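Colleague: Here you go, my_file-v6.cif (mmCIF, C-alpha atoms):
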data_model
#
loop_
_atom_site.label_atom_id
_atom_site.label_comp_id
_atom_site.auth_asym_id
_atom_site.auth_seq_id
_atom_site.Cartn_x
_atom_site.Cartn_y
_atom_site.Cartn_z
CA MET W 949 0.00 0.00 0.00
CA SER W 950 1.51 3.31 -1.05
CA PRO W 951 1.62 6.26 1.35
CA PRO W 952 -1.03 8.98 1.10
CA VAL W 953 -0.23 11.87 -1.25
CA ILE W 954 -0.90 15.30 0.21
CA VAL W 955 -1.00 18.16 -2.30
CA VAL W 956 0.58 21.42 -1.16
CA ASP W 957 -0.89 24.23 -3.24
CA ILE W 958 0.65 27.62 -3.95
CA ALA W 959 0.81 29.71 -0.76
CA ASP W 960 0.20 26.61 1.35
CA VAL W 961 1.92 24.72 4.18
CA LYS W 962 1.18 21.11 5.12
CA ALA W 963 2.77 18.85 7.72
CA ALA W 964 2.50 15.09 8.15
CA THR W 965 3.94 12.11 9.94
CA ARG W 966 5.23 9.10 8.06
CA PRO W 967 4.28 7.57 5.79
CA ALA W 968 3.18 10.41 3.54
CA LYS W 969 4.26 12.14 0.37
CA LEU W 970 3.87 15.92 0.26
CA VAL W 971 3.72 17.14 -3.35
CA SER W 972 3.87 20.65 -4.78
CA ILE W 973 3.43 21.23 -8.49
CA GLY W 974 4.64 24.18 -10.52
CA LEU W 975 7.32 25.93 -8.49
CA GLY W 976 8.55 28.76 -10.69
CA SER W 977 9.80 31.79 -8.79
CA CYS W 978 8.17 30.30 -5.68
CA VAL W 979 10.31 28.30 -3.26
CA GLY W 980 9.46 24.92 -1.81
CA VAL W 981 10.77 24.44 1.71
CA ALA W 982 10.82 20.87 3.00
CA LEU W 983 11.50 20.55 6.73
CA PHE W 984 12.23 17.16 8.30
CA ASP W 985 12.78 15.74 11.78
CA SER W 986 14.38 12.31 11.26
CA GLY W 987 13.76 11.31 14.88
CA SER W 988 9.98 11.65 14.81
CA LYS W 989 9.61 11.22 11.02
CA VAL W 990 7.60 14.43 10.88
CA GLY W 991 7.91 16.61 7.81
CA SER W 992 6.40 19.72 6.34
CA LEU W 993 6.33 21.29 2.92
CA ALA W 994 5.69 24.95 2.18
CA HIS W 995 5.07 26.44 -1.31
CA ILE W 996 6.01 30.08 -0.71
CA MET W 997 5.26 32.95 -3.11
CA LEU W 998 6.80 36.14 -1.68
CA PRO W 999 9.88 36.97 0.41
CA SER W 1000 8.27 39.18 3.05
CA SER W 1001 4.92 39.98 4.62
CA ARG W 1002 6.04 43.55 5.40
CA GLY W 1003 3.57 46.03 3.97
CA PHE W 1004 0.73 43.51 3.86
CA ASP W 1005 -1.68 44.27 6.68
CA PRO W 1006 -3.60 42.29 7.58
CA ILE W 1007 -1.73 39.19 6.52
CA ASP W 1008 -4.36 37.22 4.65
CA ASN W 1009 -2.39 33.98 4.45
CA ARG W 1010 0.72 33.19 6.53
CA ALA W 1011 1.77 30.51 4.02
CA LYS W 1012 2.23 33.09 1.25
CA TYR W 1013 5.33 34.80 2.69
CA VAL W 1014 8.75 33.40 3.64
CA ASP W 1015 8.90 35.21 6.99
CA THR W 1016 5.56 33.80 8.15
CA ALA W 1017 5.37 30.46 6.28
CA ILE W 1018 8.51 28.93 7.77
CA PRO W 1019 7.44 29.61 11.39
CA LEU W 1020 3.99 28.23 10.49
CA ALA W 1021 5.58 25.04 9.11
CA ILE W 1022 7.63 24.65 12.30
CA GLU W 1023 4.49 25.13 14.46
CA LYS W 1024 2.64 22.46 12.49
CA MET W 1025 5.57 20.04 12.88
CA LEU W 1026 5.88 20.62 16.63
CA LYS W 1027 2.16 19.83 17.05
CA LEU W 1028 2.84 16.45 15.38
CA GLY W 1029 5.72 15.62 17.74
CA ALA W 1030 8.80 17.04 16.01
CA GLU W 1031 11.68 18.48 18.02
CA LYS W 1032 12.96 21.77 16.63
CA SER W 1033 16.61 20.94 17.38
CA ARG W 1034 16.44 18.00 14.93
CA ILE W 1035 14.75 19.80 12.03
CA VAL W 1036 16.74 20.21 8.81
CA ALA W 1037 15.72 21.84 5.53
CA LYS W 1038 15.84 21.10 1.82
CA ILE W 1039 14.83 23.86 -0.59
CA ALA W 1040 13.93 24.00 -4.28
CA GLY W 1041 12.62 26.59 -6.71
CA GLY W 1042 13.34 30.28 -6.94
CA ALA W 1043 13.74 30.29 -10.71
CA LYS W 1044 13.98 33.33 -12.92
CA MET W 1045 10.85 32.81 -15.00
CA PHE W 1046 10.74 36.11 -16.90
CA SER W 1047 13.57 37.58 -18.96
CA PHE W 1048 12.47 41.21 -18.58
CA THR W 1049 13.79 41.42 -15.02
CA SER W 1050 17.38 42.40 -14.33
CA LYS W 1051 20.09 39.78 -13.98
CA ASP W 1052 20.27 39.67 -10.18
CA ASP W 1053 17.04 41.33 -9.06
CA TYR W 1054 14.21 38.88 -9.62
CA ILE W 1055 11.56 37.50 -7.27
CA GLY W 1056 12.86 33.92 -7.32
CA ARG W 1057 16.29 35.02 -6.10
CA LYS W 1058 14.73 37.26 -3.45
CA ASN W 1059 12.63 34.32 -2.28
CA VAL W 1060 15.66 32.03 -1.99
CA LEU W 1061 17.69 34.65 -0.09
CA ALA W 1062 14.76 35.27 2.28
CA VAL W 1063 14.34 31.51 2.89
CA LYS W 1064 18.02 31.17 3.75
CA ASP W 1065 17.83 34.18 6.08
CA VAL W 1066 14.75 32.94 7.96
CA LEU W 1067 16.10 29.39 8.27
CA LYS W 1068 19.33 30.79 9.70
CA LYS W 1069 17.36 32.87 12.23
CA GLU W 1070 15.37 29.75 13.17
CA ASP W 1071 18.67 27.82 13.54
CA ILE W 1072 17.64 25.28 10.90
CA ARG W 1073 20.40 23.93 8.67
CA ILE W 1074 19.90 23.60 4.91
CA VAL W 1075 21.19 20.16 3.93
CA ALA W 1076 20.35 20.31 0.21
CA GLU W 1077 19.05 22.72 -2.40
CA ASP W 1078 18.09 22.97 -6.04
CA THR W 1079 17.41 26.64 -6.68
CA GLY W 1080 17.71 29.29 -9.37
CA GLY W 1081 17.93 28.65 -13.07
CA SER W 1082 15.03 29.27 -15.41
CA VAL W 1083 12.99 26.07 -15.16
CA GLY W 1084 9.88 25.28 -13.18
CA ARG W 1085 9.95 22.39 -10.73
CA THR W 1086 7.59 19.89 -9.17
CA ILE W 1087 8.68 18.48 -5.83
CA GLU W 1088 7.76 15.37 -3.87
CA PHE W 1089 8.78 15.06 -0.22
CA ASP W 1090 8.76 11.67 1.53
CA THR W 1091 8.18 11.90 5.30
CA SER W 1092 9.45 8.35 5.83
CA SER W 1093 12.95 9.05 4.51
CA GLY W 1094 13.27 12.82 4.22
CA LYS W 1095 14.05 12.47 0.50
CA LEU W 1096 13.00 15.33 -1.75
CA LEU W 1097 12.52 14.53 -5.44
CA VAL W 1098 12.83 17.52 -7.75
CA LYS W 1099 11.34 17.07 -11.21
CA THR W 1100 11.94 19.40 -14.16
CA ALA W 1101 10.92 19.13 -17.79
CA ARG W 1102 14.46 19.58 -19.14
CA GLN W 1103 16.59 18.00 -16.42
CA GLY W 1104 14.55 14.98 -15.32
CA VAL W 1105 14.40 13.91 -11.67
CA ARG W 1106 16.96 14.82 -9.04
CA GLU W 1107 16.98 13.44 -5.49
CA LEU W 1108 17.98 15.72 -2.63
#
Represent the structure of the file as structure tokens.

Modeller:
Amino acid sequence: MSPPVIVVDIADVKAATRPAKLVSIGLGSCVGVALFDSGSKVGSLAHIMLPSSRGFDPIDNRAKYVDTAIPLAIEKMLKLGAEKSRIVAKIAGGAKMFSFTSKDDYIGRKNVLAVKDVLKKEDIRIVAEDTGGSVGRTIEFDTSSGKLLVKTARQGVREL
């Protein structure tokens, strides 16, 4: 019997215990943040759109912004029995999807930098990443093993 598949939509955060597969389709400039506690086998996946919630008041959806989505993912994991000190991160996405933006100033890059900054502040180590470039990604996160599969049209499947 295969594990349940839980779809994580855009601007969404889901957490689950093993066995489960958390799947997010169509990461372009968005960043997927997979958090995993190997001790409790609790994982979460966030599909984050924007780097910061600053200037958005009220915040309509905590899962939409890096600075609020990552703490939300941690909260959900702790409720399922995770220990924060064991949580590690894998990240994917943050592509440059439109050529009219400048070389280094595009939303995907800003999202990736914000994710790294918030994870550092939360004292969560990034153990793998597949970010940047100009291709969209679909990701599948396995809460039994902590493996993150990254699928792209041009580059096939990569395991993180």

Colleague: Determine, counting all atoms listed in the file, which protein, DNA and RNA residues have an atom within 9 Å of an atom of region 1081-1090 of chain W; residues of the same chain fewer than 5 positions away are not included. Present the result as a ChimeraX atom specification.

Modeller: /W:951,966-977,980,982,991-993,1040-1046,1095-1103

Colleague: In Å, how far is it from CA of Val953 (chain W) to CA of Ala1021 (chain W)?

Modeller: 17.7 Å

Colleague: Selection in question (the file shown): the PyMOL selection byres ((chain W and resi 994) around 8). Which residues does it include, as a count of residues only?

Modeller: 17

Colleague: Measure the distance from CA of Leu1108 (chain W) to CA of Ala1076 (chain W) in Å and round it to one decimal.

Modeller: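 These atoms are spaced 5.9 Å apart.
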
Colleague: Would you write out, as a PyMOL selection string, every residue that the PyMOL selection byres ((chain W and resi 1069-1072) around 12) captures in this file?

Modeller: chain W and resi 981-985+1015-1016+1018-1023+1031-1039+1062-1068+1073-1075

Colleague: What separation in Å, quoted to one decimal, exists between CA of Ser1001 (chain W) and CA of Tyr1013 (chain W)?

Modeller: 5.5 Å

Colleague: Once 8 Å is added on each side, what are the centre and the three edge lengths, in Å to one decimal, of the axis-aligned box enclosing the listed atoms of region 1029-1048 of chain W? Present them as JSON.

Modeller:
{"center_x": 11.2, "center_y": 28.4, "center_z": -0.5, "size_x": 27.0, "size_y": 41.6, "size_z": 53.0}

Colleague: Nearest residue to Asp1078 (chain W) out of W:Lys1012, W:Arg1002, W:Arg1106, W:Lys989, using all atoms listed in the file?

Modeller: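 Checking each candidate against Asp1078 (chain W), we get W:Arg1106 as the closest.
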
Colleague: Which one is closest to Ser986 (chain W): W:Thr1079, W:Asn1009, W:Ser950, W:Thr965? Count all atoms listed in the file.

Modeller: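 Closest to Ser986 (chain W), using all atoms listed in the file: W:Thr965.
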
Colleague: I'd like to know which of W:Gly1094, W:Cys978, W:Ala1030, W:Met1025 is closest to Leu998 (chain W), using only C-alpha atoms.

Modeller: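 Of all the options, W:Cys978 lies closest to Leu998 (chain W).
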
Colleague: For a cutoff of 8 Å around the file-coordinate point (1.3, 15.9, 13.4), which residues qualify once you count all atoms listed in the file? I'd like the result as a PyMOL selection string.

Modeller: chain W and resi 963-965+990+1024-1029
